[in-house]
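A.B. asks: Handing you a structure now.
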Amino acid sequence: MLSEPRSGRLAAWGNALLAGLVSPDDAVLAIVGEDAVHRVEGLPGEAAPVGLTLALGRLRALGVTGLRVALPAPGHPLGLSGPPDFNARALDAEEAVVCHGVGLGLVPEVYEAGPDGDLHVEVVWHCLDVREAPPADVPSLGEAERELAEALREATEVLSRLDVAGSGPVAEAAVEAYRARAEQGREVLAPGYPPRAVRVLELAQRVGLLISVAYENGPGGAVSASEIAARSLTLRPVERTARRAQVAAYNAFVEERERGVR
């Protein structure tokens, strides 16, 4: 939850490229990030995997007008529309990109090699058929923002009662890492996204920080099994709400286009 999903980067910068707001080189650089290389396999008309620049151009030629994100979890097919084969692969990867305008979707497969601290990461996006239908359980930006604020208040109250404070070396390191990333001036979303989408995504990432700290900070003052169970019971719906907000933020570009805003 702390790091942006690869599907989020692909959708956000792919949307900016499709809208003519960024160059292909800038879009691919942002999508790849710290990975070594990304390729797309199974693209219609291509017998072998191709690079992102060619893949995004081919998707545009096929009629793709936008990209949406799916962040499914067991029992929660968030952002998916089928068929079962695509849903299963997306669930296994815990993320996917769904094309708008053409029945195609992309699921990442990550390959890592090398020691910790010097990993060589390659990503292959598998292009598969998808059902053109409304994505599952994706809220509007306004709904996501309200739900996230409410969930954060409730979680903070419960975690405070259980003495799960944002303190200690693990918590402090996580907070400092988040602040360091923010101070680097990173772009939360690509050009063309509405300010509200940026705000919702930033809030979802802060909620993700709280969840990570709460899970990693040990049992805290929750000395009984029932209190530990209460913590998990509290965090699960908050995590679900944060994922829904992330998807709403990444998908705002396409949603606005559908409403004729852009």
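By order in the structure tokens, chains are A, B, ...; within a chain, residues start at 1; ligands start at 1, following the order shown.
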Please provide the set of residues having any atom within 7 Å of Glu94 in chain A, restricted to only C-alpha atoms, with same-chain residues fewer than 4 positions apart removed, written as JSON, numbers by chain.
C.D. replies: {"A": [71, 72, 73, 90]}
A.B. asks: Can I get the selection written as a JSON list (two decimals), in the first residue's frame, with N, CA, C and O atoms?
C.D. replies:
[["chain", "number", "residue", "atom", "x", "y", "z"],
["A", 71, "LEU", "N", -7.37, -3.37, -8.48],
["A", 71, "LEU", "CA", -6.54, -3.82, -7.36],
["A", 71, "LEU", "C", -7.33, -4.87, -6.56],
["A", 71, "LEU", "O", -7.75, -4.63, -5.43],
["A", 72, "PRO", "N", -7.52, -6.04, -7.15],
["A", 72, "PRO", "CA", -8.36, -7.06, -6.48],
["A", 72, "PRO", "C", -7.64, -7.73, -5.32],
["A", 72, "PRO", "O", -6.41, -7.75, -5.25],
["A", 73, "ALA", "N", -8.44, -8.27, -4.42],
["A", 73, "ALA", "CA", -7.96, -9.06, -3.30],
["A", 73, "ALA", "C", -8.94, -10.21, -3.11],
["A", 73, "ALA", "O", -10.06, -10.16, -3.64],
["A", 90, "ALA", "N", -5.41, -11.57, -12.57],
["A", 90, "ALA", "CA", -5.29, -10.28, -11.89],
["A", 90, "ALA", "C", -5.28, -10.46, -10.38],
["A", 90, "ALA", "O", -4.53, -9.78, -9.67]]
A.B. asks: Can you pull out every residue within 12 Å of range 12-21 of chain A, counting only C-alpha atoms, but drop anything in the same chain fewer than 5 positions away, and send it as a PDB file with N, CA, C and O atoms, in the first residue's frame?
C.D. replies:
ATOM      1  N   GLU A   4       3.387   2.875  -4.823  1.00  0.00           N
ATOM      2  CA  GLU A   4       2.352   2.907  -5.838  1.00  0.00           C
ATOM      3  C   GLU A   4       2.421   1.631  -6.671  1.00  0.00           C
ATOM      4  O   GLU A   4       3.506   1.154  -7.000  1.00  0.00           O
ATOM      5  N   PRO A   5       1.285   1.056  -7.013  1.00  0.00           N
ATOM      6  CA  PRO A   5       1.303  -0.174  -7.807  1.00  0.00           C
ATOM      7  C   PRO A   5       1.781   0.104  -9.225  1.00  0.00           C
ATOM      8  O   PRO A   5       1.599   1.198  -9.761  1.00  0.00           O
ATOM      9  N   ARG A   6       2.408  -0.888  -9.836  1.00  0.00           N
ATOM     10  CA  ARG A   6       2.858  -0.721 -11.211  1.00  0.00           C
ATOM     11  C   ARG A   6       1.684  -0.448 -12.149  1.00  0.00           C
ATOM     12  O   ARG A   6       1.809   0.288 -13.122  1.00  0.00           O
ATOM     13  N   SER A   7       0.537  -1.039 -11.838  1.00  0.00           N
ATOM     14  CA  SER A   7      -0.644  -0.791 -12.670  1.00  0.00           C
ATOM     15  C   SER A   7      -1.072   0.668 -12.582  1.00  0.00           C
ATOM     16  O   SER A   7      -1.570   1.243 -13.558  1.00  0.00           O
ATOM     17  N   ASP A  26       8.899  10.210 -21.947  1.00  0.00           N
ATOM     18  CA  ASP A  26       8.617  10.593 -20.562  1.00  0.00           C
ATOM     19  C   ASP A  26       7.647   9.611 -19.911  1.00  0.00           C
ATOM     20  O   ASP A  26       7.793   9.252 -18.732  1.00  0.00           O
ATOM     21  N   ALA A  27       6.640   9.175 -20.670  1.00  0.00           N
ATOM     22  CA  ALA A  27       5.662   8.229 -20.133  1.00  0.00           C
ATOM     23  C   ALA A  27       6.327   6.903 -19.773  1.00  0.00           C
ATOM     24  O   ALA A  27       6.125   6.365 -18.677  1.00  0.00           O
ATOM     25  N   VAL A  28       7.131   6.371 -20.671  1.00  0.00           N
ATOM     26  CA  VAL A  28       7.785   5.084 -20.420  1.00  0.00           C
ATOM     27  C   VAL A  28       8.762   5.190 -19.258  1.00  0.00           C
ATOM     28  O   VAL A  28       8.837   4.289 -18.405  1.00  0.00           O
ATOM     29  N   LEU A  29       9.499   6.293 -19.171  1.00  0.00           N
ATOM     30  CA  LEU A  29      10.437   6.488 -18.065  1.00  0.00           C
ATOM     31  C   LEU A  29       9.709   6.468 -16.723  1.00  0.00           C
ATOM     32  O   LEU A  29      10.166   5.865 -15.747  1.00  0.00           O
ATOM     33  N   ALA A  30       8.550   7.118 -16.656  1.00  0.00           N
ATOM     34  CA  ALA A  30       7.782   7.165 -15.411  1.00  0.00           C
ATOM     35  C   ALA A  30       7.171   5.811 -15.081  1.00  0.00           C
ATOM     36  O   ALA A  30       7.095   5.414 -13.914  1.00  0.00           O
ATOM     37  N   ILE A  31       6.711   5.096 -16.094  1.00  0.00           N
ATOM     38  CA  ILE A  31       6.088   3.789 -15.865  1.00  0.00           C
ATOM     39  C   ILE A  31       7.109   2.777 -15.368  1.00  0.00           C
ATOM     40  O   ILE A  31       6.867   2.033 -14.419  1.00  0.00           O
ATOM     41  N   VAL A  32       8.266   2.742 -15.990  1.00  0.00           N
ATOM     42  CA  VAL A  32       9.297   1.766 -15.615  1.00  0.00           C
ATOM     43  C   VAL A  32       9.859   2.066 -14.227  1.00  0.00           C
ATOM     44  O   VAL A  32      10.128   1.156 -13.440  1.00  0.00           O
ATOM     45  N   GLY A  33      10.001   3.345 -13.895  1.00  0.00           N
ATOM     46  CA  GLY A  33      10.491   3.701 -12.565  1.00  0.00           C
ATOM     47  C   GLY A  33      11.856   3.106 -12.283  1.00  0.00           C
ATOM     48  O   GLY A  33      12.784   3.260 -13.074  1.00  0.00           O
ATOM     49  N   LEU A  52       7.361  -0.971 -24.172  1.00  0.00           N
ATOM     50  CA  LEU A  52       6.197  -0.167 -23.786  1.00  0.00           C
ATOM     51  C   LEU A  52       5.837   0.889 -24.826  1.00  0.00           C
ATOM     52  O   LEU A  52       4.655   1.144 -25.066  1.00  0.00           O
ATOM     53  N   THR A  53       6.835   1.501 -25.435  1.00  0.00           N
ATOM     54  CA  THR A  53       6.537   2.549 -26.409  1.00  0.00           C
ATOM     55  C   THR A  53       5.717   2.000 -27.561  1.00  0.00           C
ATOM     56  O   THR A  53       4.680   2.579 -27.940  1.00  0.00           O
ATOM     57  N   ALA A  55       4.024  -0.813 -27.520  1.00  0.00           N
ATOM     58  CA  ALA A  55       2.771  -1.366 -26.998  1.00  0.00           C
ATOM     59  C   ALA A  55       1.713  -0.281 -26.808  1.00  0.00           C
ATOM     60  O   ALA A  55       0.552  -0.460 -27.198  1.00  0.00           O
ATOM     61  N   LEU A  56       2.091   0.851 -26.229  1.00  0.00           N
ATOM     62  CA  LEU A  56       1.125   1.925 -26.003  1.00  0.00           C
ATOM     63  C   LEU A  56       0.640   2.507 -27.331  1.00  0.00           C
ATOM     64  O   LEU A  56      -0.536   2.848 -27.481  1.00  0.00           O
ATOM     65  N   GLY A  57       1.554   2.610 -28.306  1.00  0.00           N
ATOM     66  CA  GLY A  57       1.134   3.073 -29.619  1.00  0.00           C
ATOM     67  C   GLY A  57       0.187   2.105 -30.294  1.00  0.00           C
ATOM     68  O   GLY A  57      -0.793   2.517 -30.929  1.00  0.00           O
ATOM     69  N   ARG A  58       0.448   0.802 -30.141  1.00  0.00           N
ATOM     70  CA  ARG A  58      -0.438  -0.195 -30.735  1.00  0.00           C
ATOM     71  C   ARG A  58      -1.812  -0.185 -30.066  1.00  0.00           C
ATOM     72  O   ARG A  58      -2.840  -0.319 -30.725  1.00  0.00           O
ATOM     73  N   LEU A  59      -1.841  -0.017 -28.751  1.00  0.00           N
ATOM     74  CA  LEU A  59      -3.130   0.042 -28.055  1.00  0.00           C
ATOM     75  C   LEU A  59      -3.953   1.232 -28.539  1.00  0.00           C
ATOM     76  O   LEU A  59      -5.162   1.124 -28.751  1.00  0.00           O
ATOM     77  N   ARG A  60      -3.301   2.368 -28.746  1.00  0.00           N
ATOM     78  CA  ARG A  60      -4.004   3.528 -29.266  1.00  0.00           C
ATOM     79  C   ARG A  60      -4.564   3.228 -30.661  1.00  0.00           C
ATOM     80  O   ARG A  60      -5.712   3.554 -30.963  1.00  0.00           O
ATOM     81  N   ALA A  61      -3.775   2.568 -31.499  1.00  0.00           N
ATOM     82  CA  ALA A  61      -4.219   2.233 -32.854  1.00  0.00           C
ATOM     83  C   ALA A  61      -5.380   1.243 -32.839  1.00  0.00           C
ATOM     84  O   ALA A  61      -6.239   1.271 -33.729  1.00  0.00           O
ATOM     85  N   GLY A  63      -7.737   1.307 -30.739  1.00  0.00           N
ATOM     86  CA  GLY A  63      -8.941   1.997 -30.289  1.00  0.00           C
ATOM     87  C   GLY A  63      -9.027   2.250 -28.807  1.00  0.00           C
ATOM     88  O   GLY A  63     -10.055   2.731 -28.305  1.00  0.00           O
ATOM     89  N   VAL A  64      -7.952   1.971 -28.072  1.00  0.00           N
ATOM     90  CA  VAL A  64      -7.956   2.227 -26.629  1.00  0.00           C
ATOM     91  C   VAL A  64      -7.924   3.741 -26.392  1.00  0.00           C
ATOM     92  O   VAL A  64      -7.079   4.444 -26.932  1.00  0.00           O
ATOM     93  N   THR A  65      -8.865   4.220 -25.602  1.00  0.00           N
ATOM     94  CA  THR A  65      -8.946   5.655 -25.310  1.00  0.00           C
ATOM     95  C   THR A  65      -8.592   5.988 -23.872  1.00  0.00           C
ATOM     96  O   THR A  65      -8.508   7.166 -23.512  1.00  0.00           O
ATOM     97  N   GLY A  66      -8.408   4.990 -23.043  1.00  0.00           N
ATOM     98  CA  GLY A  66      -8.053   5.230 -21.652  1.00  0.00           C
ATOM     99  C   GLY A  66      -7.693   3.936 -20.958  1.00  0.00           C
ATOM    100  O   GLY A  66      -7.957   2.840 -21.473  1.00  0.00           O
ATOM    101  N   LEU A  67      -7.102   4.058 -19.774  1.00  0.00           N
ATOM    102  CA  LEU A  67      -6.667   2.899 -18.996  1.00  0.00           C
ATOM    103  C   LEU A  67      -7.192   3.015 -17.572  1.00  0.00           C
ATOM    104  O   LEU A  67      -7.097   4.078 -16.950  1.00  0.00           O
ATOM    105  N   ARG A  68      -7.743   1.933 -17.076  1.00  0.00           N
ATOM    106  CA  ARG A  68      -8.228   1.874 -15.702  1.00  0.00           C
ATOM    107  C   ARG A  68      -7.382   0.899 -14.889  1.00  0.00           C
ATOM    108  O   ARG A  68      -6.751   0.016 -15.437  1.00  0.00           O
ATOM    109  N   VAL A  69      -7.437   1.049 -13.571  1.00  0.00           N
ATOM    110  CA  VAL A  69      -6.693   0.190 -12.648  1.00  0.00           C
ATOM    111  C   VAL A  69      -7.652  -0.746 -11.927  1.00  0.00           C
ATOM    112  O   VAL A  69      -8.776  -0.372 -11.585  1.00  0.00           O
ATOM    113  N   VAL A  97      -4.404  -3.694 -15.307  1.00  0.00           N
ATOM    114  CA  VAL A  97      -4.856  -2.512 -16.033  1.00  0.00           C
ATOM    115  C   VAL A  97      -5.903  -2.973 -17.033  1.00  0.00           C
ATOM    116  O   VAL A  97      -5.706  -3.967 -17.749  1.00  0.00           O
ATOM    117  N   VAL A  98      -7.024  -2.268 -17.080  1.00  0.00           N
ATOM    118  CA  VAL A  98      -8.119  -2.608 -17.994  1.00  0.00           C
ATOM    119  C   VAL A  98      -8.269  -1.482 -19.011  1.00  0.00           C
ATOM    120  O   VAL A  98      -8.391  -0.308 -18.637  1.00  0.00           O
ATOM    121  N   CYS A  99      -8.233  -1.834 -20.280  1.00  0.00           N
ATOM    122  CA  CYS A  99      -8.333  -0.842 -21.344  1.00  0.00           C
ATOM    123  C   CYS A  99      -9.774  -0.375 -21.518  1.00  0.00           C
ATOM    124  O   CYS A  99     -10.712  -1.165 -21.420  1.00  0.00           O
ATOM    125  N   HIS A 100      -9.927   0.907 -21.787  1.00  0.00           N
ATOM    126  CA  HIS A 100     -11.235   1.490 -22.075  1.00  0.00           C
ATOM    127  C   HIS A 100     -11.348   1.704 -23.584  1.00  0.00           C
ATOM    128  O   HIS A 100     -10.468   2.299 -24.192  1.00  0.00           O
ATOM    129  N   GLU A 187       5.769  13.188  -8.505  1.00  0.00           N
ATOM    130  CA  GLU A 187       4.428  13.419  -9.010  1.00  0.00           C
ATOM    131  C   GLU A 187       3.533  12.271  -8.569  1.00  0.00           C
ATOM    132  O   GLU A 187       3.783  11.114  -8.910  1.00  0.00           O
ATOM    133  N   VAL A 188       2.499  12.589  -7.825  1.00  0.00           N
ATOM    134  CA  VAL A 188       1.603  11.553  -7.335  1.00  0.00           C
ATOM    135  C   VAL A 188       0.823  10.943  -8.488  1.00  0.00           C
ATOM    136  O   VAL A 188       0.605   9.735  -8.536  1.00  0.00           O
ATOM    137  N   LEU A 189       0.425  11.771  -9.432  1.00  0.00           N
ATOM    138  CA  LEU A 189      -0.265  11.304 -10.631  1.00  0.00           C
ATOM    139  C   LEU A 189       0.326  12.016 -11.840  1.00  0.00           C
ATOM    140  O   LEU A 189       1.027  13.018 -11.706  1.00  0.00           O
ATOM    141  N   ALA A 190       0.017  11.512 -13.000  1.00  0.00           N
ATOM    142  CA  ALA A 190       0.539  12.099 -14.230  1.00  0.00           C
ATOM    143  C   ALA A 190      -0.220  13.377 -14.574  1.00  0.00           C
ATOM    144  O   ALA A 190      -1.306  13.649 -14.031  1.00  0.00           O
ATOM    145  N   PRO A 191       0.321  14.201 -15.472  1.00  0.00           N
ATOM    146  CA  PRO A 191      -0.389  15.411 -15.916  1.00  0.00           C
ATOM    147  C   PRO A 191      -1.771  15.081 -16.460  1.00  0.00           C
ATOM    148  O   PRO A 191      -1.982  14.044 -17.084  1.00  0.00           O
ATOM    149  N   GLY A 192      -2.709  16.001 -16.191  1.00  0.00           N
ATOM    150  CA  GLY A 192      -4.066  15.841 -16.703  1.00  0.00           C
ATOM    151  C   GLY A 192      -5.077  15.334 -15.700  1.00  0.00           C
ATOM    152  O   GLY A 192      -6.283  15.384 -15.954  1.00  0.00           O
ATOM    153  N   TYR A 193      -4.593  14.858 -14.551  1.00  0.00           N
ATOM    154  CA  TYR A 193      -5.516  14.360 -13.530  1.00  0.00           C
ATOM    155  C   TYR A 193      -6.088  15.523 -12.723  1.00  0.00           C
ATOM    156  O   TYR A 193      -5.388  16.508 -12.460  1.00  0.00           O
ATOM    157  N   PRO A 194      -7.355  15.428 -12.302  1.00  0.00           N
ATOM    158  CA  PRO A 194      -7.945  16.511 -11.507  1.00  0.00           C
ATOM    159  C   PRO A 194      -7.308  16.591 -10.117  1.00  0.00           C
ATOM    160  O   PRO A 194      -6.872  15.570  -9.569  1.00  0.00           O
ATOM    161  N   ALA A 197      -8.328  14.025  -7.506  1.00  0.00           N
ATOM    162  CA  ALA A 197      -7.758  12.685  -7.624  1.00  0.00           C
ATOM    163  C   ALA A 197      -6.411  12.617  -6.930  1.00  0.00           C
ATOM    164  O   ALA A 197      -6.092  11.637  -6.251  1.00  0.00           O
ATOM    165  N   VAL A 198      -5.609  13.667  -7.089  1.00  0.00           N
ATOM    166  CA  VAL A 198      -4.306  13.727  -6.411  1.00  0.00           C
ATOM    167  C   VAL A 198      -4.514  13.713  -4.905  1.00  0.00           C
ATOM    168  O   VAL A 198      -3.821  12.996  -4.167  1.00  0.00           O
ATOM    169  N   LEU A 201      -5.626  10.214  -3.711  1.00  0.00           N
ATOM    170  CA  LEU A 201      -4.543   9.241  -3.752  1.00  0.00           C
ATOM    171  C   LEU A 201      -3.534   9.497  -2.632  1.00  0.00           C
ATOM    172  O   LEU A 201      -3.051   8.556  -1.997  1.00  0.00           O
ATOM    173  N   GLN A 246      -7.716   4.314  -3.969  1.00  0.00           N
ATOM    174  CA  GLN A 246      -6.635   4.311  -4.946  1.00  0.00           C
ATOM    175  C   GLN A 246      -7.178   4.096  -6.357  1.00  0.00           C
ATOM    176  O   GLN A 246      -6.813   4.814  -7.290  1.00  0.00           O
ATOM    177  N   VAL A 247      -8.037   3.099  -6.505  1.00  0.00           N
ATOM    178  CA  VAL A 247      -8.590   2.798  -7.829  1.00  0.00           C
ATOM    179  C   VAL A 247      -9.416   3.970  -8.344  1.00  0.00           C
ATOM    180  O   VAL A 247      -9.336   4.343  -9.522  1.00  0.00           O
ATOM    181  N   ALA A 248     -10.213   4.579  -7.478  1.00  0.00           N
ATOM    182  CA  ALA A 248     -11.015   5.737  -7.887  1.00  0.00           C
ATOM    183  C   ALA A 248     -10.123   6.870  -8.370  1.00  0.00           C
ATOM    184  O   ALA A 248     -10.432   7.552  -9.363  1.00  0.00           O
ATOM    185  N   ALA A 249      -8.992   7.083  -7.696  1.00  0.00           N
ATOM    186  CA  ALA A 249      -8.080   8.163  -8.087  1.00  0.00           C
ATOM    187  C   ALA A 249      -7.435   7.877  -9.443  1.00  0.00           C
ATOM    188  O   ALA A 249      -7.412   8.733 -10.333  1.00  0.00           O
ATOM    189  N   TYR A 250      -6.908   6.682  -9.604  1.00  0.00           N
ATOM    190  CA  TYR A 250      -6.258   6.336 -10.868  1.00  0.00           C
ATOM    191  C   TYR A 250      -7.246   6.338 -12.034  1.00  0.00           C
ATOM    192  O   TYR A 250      -6.883   6.653 -13.172  1.00  0.00           O
ATOM    193  N   ASN A 251      -8.501   5.974 -11.756  1.00  0.00           N
ATOM    194  CA  ASN A 251      -9.495   5.871 -12.818  1.00  0.00           C
ATOM    195  C   ASN A 251     -10.207   7.183 -13.110  1.00  0.00           C
ATOM    196  O   ASN A 251     -11.035   7.258 -14.011  1.00  0.00           O
ATOM    197  N   ALA A 252      -9.877   8.232 -12.359  1.00  0.00           N
ATOM    198  CA  ALA A 252     -10.581   9.514 -12.512  1.00  0.00           C
ATOM    199  C   ALA A 252     -10.398  10.100 -13.900  1.00  0.00           C
ATOM    200  O   ALA A 252     -11.294  10.769 -14.425  1.00  0.00           O
ATOM    201  N   PHE A 253      -9.263   9.869 -14.518  1.00  0.00           N
ATOM    202  CA  PHE A 253      -8.996  10.410 -15.857  1.00  0.00           C
ATOM    203  C   PHE A 253     -10.026   9.892 -16.851  1.00  0.00           C
ATOM    204  O   PHE A 253     -10.628  10.662 -17.608  1.00  0.00           O
ATOM    205  N   VAL A 254     -10.252   8.578 -16.831  1.00  0.00           N
ATOM    206  CA  VAL A 254     -11.222   7.967 -17.747  1.00  0.00           C
ATOM    207  C   VAL A 254     -12.642   8.358 -17.371  1.00  0.00           C
ATOM    208  O   VAL A 254     -13.476   8.625 -18.237  1.00  0.00           O
ATOM    209  N   GLU A 255     -12.928   8.410 -16.063  1.00  0.00           N
ATOM    210  CA  GLU A 255     -14.273   8.751 -15.626  1.00  0.00           C
ATOM    211  C   GLU A 255     -14.647  10.163 -16.094  1.00  0.00           C
ATOM    212  O   GLU A 255     -15.775  10.406 -16.539  1.00  0.00           O
ATOM    213  N   GLU A 256     -13.717  11.105 -15.996  1.00  0.00           N
ATOM    214  CA  GLU A 256     -14.002  12.459 -16.445  1.00  0.00           C
ATOM    215  C   GLU A 256     -14.211  12.510 -17.958  1.00  0.00           C
ATOM    216  O   GLU A 256     -15.071  13.234 -18.454  1.00  0.00           O
ATOM    217  N   ARG A 257     -13.433  11.741 -18.681  1.00  0.00           N
ATOM    218  CA  ARG A 257     -13.587  11.703 -20.132  1.00  0.00           C
ATOM    219  C   ARG A 257     -14.970  11.148 -20.505  1.00  0.00           C
ATOM    220  O   ARG A 257     -15.615  11.658 -21.425  1.00  0.00           O
ATOM    221  N   ARG A 262     -13.453  16.355 -20.097  1.00  0.00           N
ATOM    222  CA  ARG A 262     -12.243  16.694 -20.883  1.00  0.00           C
ATOM    223  C   ARG A 262     -12.464  16.311 -22.335  1.00  0.00           C
ATOM    224  O   ARG A 262     -13.312  15.567 -22.685  1.00  0.00           O
TER     225      ARG A 262
END
A.B. asks: Figure out the distance between CA of Val138 in chain A and CA of Thr241 in chain A, please, to one decimal in Å.
C.D. replies: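 Spanning CA of Thr241 in chain A to CA of Val138 in chain A is a straight-line distance of 10.3 Å.
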A.B. asks: Quick one: residues within 12 Å of Gly105 in chain A, only C-alpha atoms counted, chain neighbours fewer than 6 positions away excluded, as number ranges by chain?
C.D. replies: A: 7, 10-11, 40-44, 59, 64, 66-70, 79-83, 85-87, 89-90, 95-99, 125-132
A.B. asks: Those same residues - N, CA and C atoms - I'd like them written as a CSV table (one decimal), in the first residue's frame.
C.D. replies:
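Saved result, again_6.csv, follows:
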chain,number,residue,atom,x,y,z
A,7,SER,N,0.5,-1.0,-11.8
A,7,SER,CA,-0.6,-0.8,-12.7
A,7,SER,C,-1.1,0.7,-12.6
A,10,LEU,N,1.3,2.6,-14.9
A,10,LEU,CA,1.0,2.4,-16.3
A,10,LEU,C,-0.3,3.1,-16.7
A,11,ALA,N,-1.3,3.0,-15.9
A,11,ALA,CA,-2.6,3.7,-16.2
A,11,ALA,C,-2.4,5.2,-16.2
A,40,VAL,N,5.5,-6.0,-23.1
A,40,VAL,CA,4.1,-6.4,-23.2
A,40,VAL,C,4.0,-7.7,-24.1
A,41,GLU,N,3.4,-8.7,-23.6
A,41,GLU,CA,3.3,-10.0,-24.3
A,41,GLU,C,1.9,-10.3,-24.6
A,42,GLY,N,1.6,-10.8,-25.8
A,42,GLY,CA,0.3,-11.2,-26.2
A,42,GLY,C,-0.5,-10.1,-26.9
A,43,LEU,N,0.1,-9.0,-27.2
A,43,LEU,CA,-0.5,-7.8,-27.9
A,43,LEU,C,-1.0,-8.2,-29.2
A,44,PRO,N,-2.3,-8.0,-29.6
A,44,PRO,CA,-2.8,-8.3,-30.9
A,44,PRO,C,-1.9,-7.7,-32.0
A,59,LEU,N,-1.8,0.0,-28.8
A,59,LEU,CA,-3.1,0.0,-28.1
A,59,LEU,C,-4.0,1.2,-28.5
A,64,VAL,N,-8.0,2.0,-28.1
A,64,VAL,CA,-8.0,2.2,-26.6
A,64,VAL,C,-7.9,3.7,-26.4
A,66,GLY,N,-8.4,5.0,-23.0
A,66,GLY,CA,-8.1,5.2,-21.7
A,66,GLY,C,-7.7,3.9,-21.0
A,67,LEU,N,-7.1,4.1,-19.8
A,67,LEU,CA,-6.7,2.9,-19.0
A,67,LEU,C,-7.2,3.0,-17.6
A,68,ARG,N,-7.7,1.9,-17.1
A,68,ARG,CA,-8.2,1.9,-15.7
A,68,ARG,C,-7.4,0.9,-14.9
A,69,VAL,N,-7.4,1.0,-13.6
A,69,VAL,CA,-6.7,0.2,-12.6
A,69,VAL,C,-7.7,-0.7,-11.9
A,70,ALA,N,-7.2,-2.0,-11.7
A,70,ALA,CA,-7.9,-2.9,-10.8
A,70,ALA,C,-6.9,-3.4,-9.7
A,79,GLY,N,-12.4,-3.4,-9.3
A,79,GLY,CA,-12.0,-2.9,-10.6
A,79,GLY,C,-12.1,-3.9,-11.8
A,80,LEU,N,-12.5,-5.2,-11.5
A,80,LEU,CA,-12.5,-6.2,-12.5
A,80,LEU,C,-13.9,-6.3,-13.1
A,81,SER,N,-13.9,-6.8,-14.4
A,81,SER,CA,-15.2,-7.0,-15.1
A,81,SER,C,-15.3,-8.4,-15.7
A,82,GLY,N,-14.3,-9.2,-15.6
A,82,GLY,CA,-14.3,-10.5,-16.2
A,82,GLY,C,-13.5,-10.5,-17.5
A,83,PRO,N,-13.4,-11.7,-18.1
A,83,PRO,CA,-13.9,-13.0,-17.8
A,83,PRO,C,-13.1,-13.6,-16.6
A,85,ASP,N,-10.9,-16.0,-16.4
A,85,ASP,CA,-9.5,-16.2,-16.6
A,85,ASP,C,-8.7,-14.9,-16.3
A,86,PHE,N,-9.1,-13.8,-16.8
A,86,PHE,CA,-8.5,-12.5,-16.5
A,86,PHE,C,-8.5,-12.2,-15.1
A,87,ASN,N,-9.7,-12.4,-14.5
A,87,ASN,CA,-9.9,-12.1,-13.1
A,87,ASN,C,-8.9,-12.9,-12.2
A,89,ARG,N,-6.0,-14.2,-13.0
A,89,ARG,CA,-4.6,-13.8,-13.2
A,89,ARG,C,-4.4,-12.5,-12.5
A,90,ALA,N,-5.4,-11.6,-12.6
A,90,ALA,CA,-5.3,-10.3,-11.9
A,90,ALA,C,-5.3,-10.5,-10.4
A,95,GLU,N,-3.2,-7.0,-9.0
A,95,GLU,CA,-3.3,-5.7,-9.8
A,95,GLU,C,-3.5,-6.0,-11.2
A,96,ALA,N,-4.0,-5.1,-12.0
A,96,ALA,CA,-4.2,-5.2,-13.4
A,96,ALA,C,-4.5,-3.8,-14.0
A,97,VAL,N,-4.4,-3.7,-15.3
A,97,VAL,CA,-4.9,-2.5,-16.0
A,97,VAL,C,-5.9,-3.0,-17.0
A,98,VAL,N,-7.0,-2.3,-17.1
A,98,VAL,CA,-8.1,-2.6,-18.0
A,98,VAL,C,-8.3,-1.5,-19.0
A,99,CYS,N,-8.2,-1.8,-20.3
A,99,CYS,CA,-8.3,-0.8,-21.3
A,99,CYS,C,-9.8,-0.4,-21.5
A,125,TRP,N,4.1,-7.6,-19.0
A,125,TRP,CA,2.6,-7.4,-19.0
A,125,TRP,C,1.9,-8.3,-19.9
A,126,HIS,N,1.1,-9.2,-19.4
A,126,HIS,CA,0.4,-10.1,-20.3
A,126,HIS,C,-0.9,-9.5,-20.7
A,127,CYS,N,-1.1,-9.4,-22.0
A,127,CYS,CA,-2.3,-8.8,-22.6
A,127,CYS,C,-3.3,-9.9,-22.9
A,128,LEU,N,-4.5,-9.7,-22.3
A,128,LEU,CA,-5.5,-10.7,-22.3
A,128,LEU,C,-6.9,-10.0,-22.6
A,129,ASP,N,-7.8,-10.9,-23.1
A,129,ASP,CA,-9.2,-10.4,-23.4
A,129,ASP,C,-9.9,-10.1,-22.1
A,130,VAL,N,-10.7,-9.0,-22.0
A,130,VAL,CA,-11.5,-8.7,-20.9
A,130,VAL,C,-12.9,-8.4,-21.4
A,131,ARG,N,-13.9,-8.5,-20.5
A,131,ARG,CA,-15.3,-8.2,-20.8
A,131,ARG,C,-15.5,-6.7,-20.6
A,132,GLU,N,-16.0,-6.1,-21.6
A,132,GLU,CA,-16.3,-4.7,-21.6
A,132,GLU,C,-17.6,-4.4,-20.8
A.B. asks: From range 23-246 of chain A, collect each residue whose DSSP state is strand (DSSP E or B) and return the set as a PyMOL selection string.
C.D. replies: chain A and resi 37-41+50-51+66-70+73+76+96-100+104-113+120-129
A.B. asks: Just give me the gap between CA of Val200 in chain A and CA of Glu143 in chain A in Å, one decimal is fine.
C.D. replies: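 So the answer is 10.2 Å.
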A.B. asks: Quick one: DSSP alpha helix (DSSP H) residues in range 31-255 of chain A, as a count of residues only?
C.D. replies: 111
A.B. asks: Please identify all polymer residues within 10 Å of Leu203 in chain A, counting only C-alpha atoms, omitting same-chain residues fewer than 6 positions from it, and present them as a ChimeraX atom specification.
C.D. replies: /A:145,148-149,152,197,209,242,245-246
A.B. asks: Separation of CA of His120 in chain A and CA of Asp35 in chain A, in Å?
C.D. replies: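 Separation of CA of His120 in chain A and CA of Asp35 in chain A: 7.1 Å.
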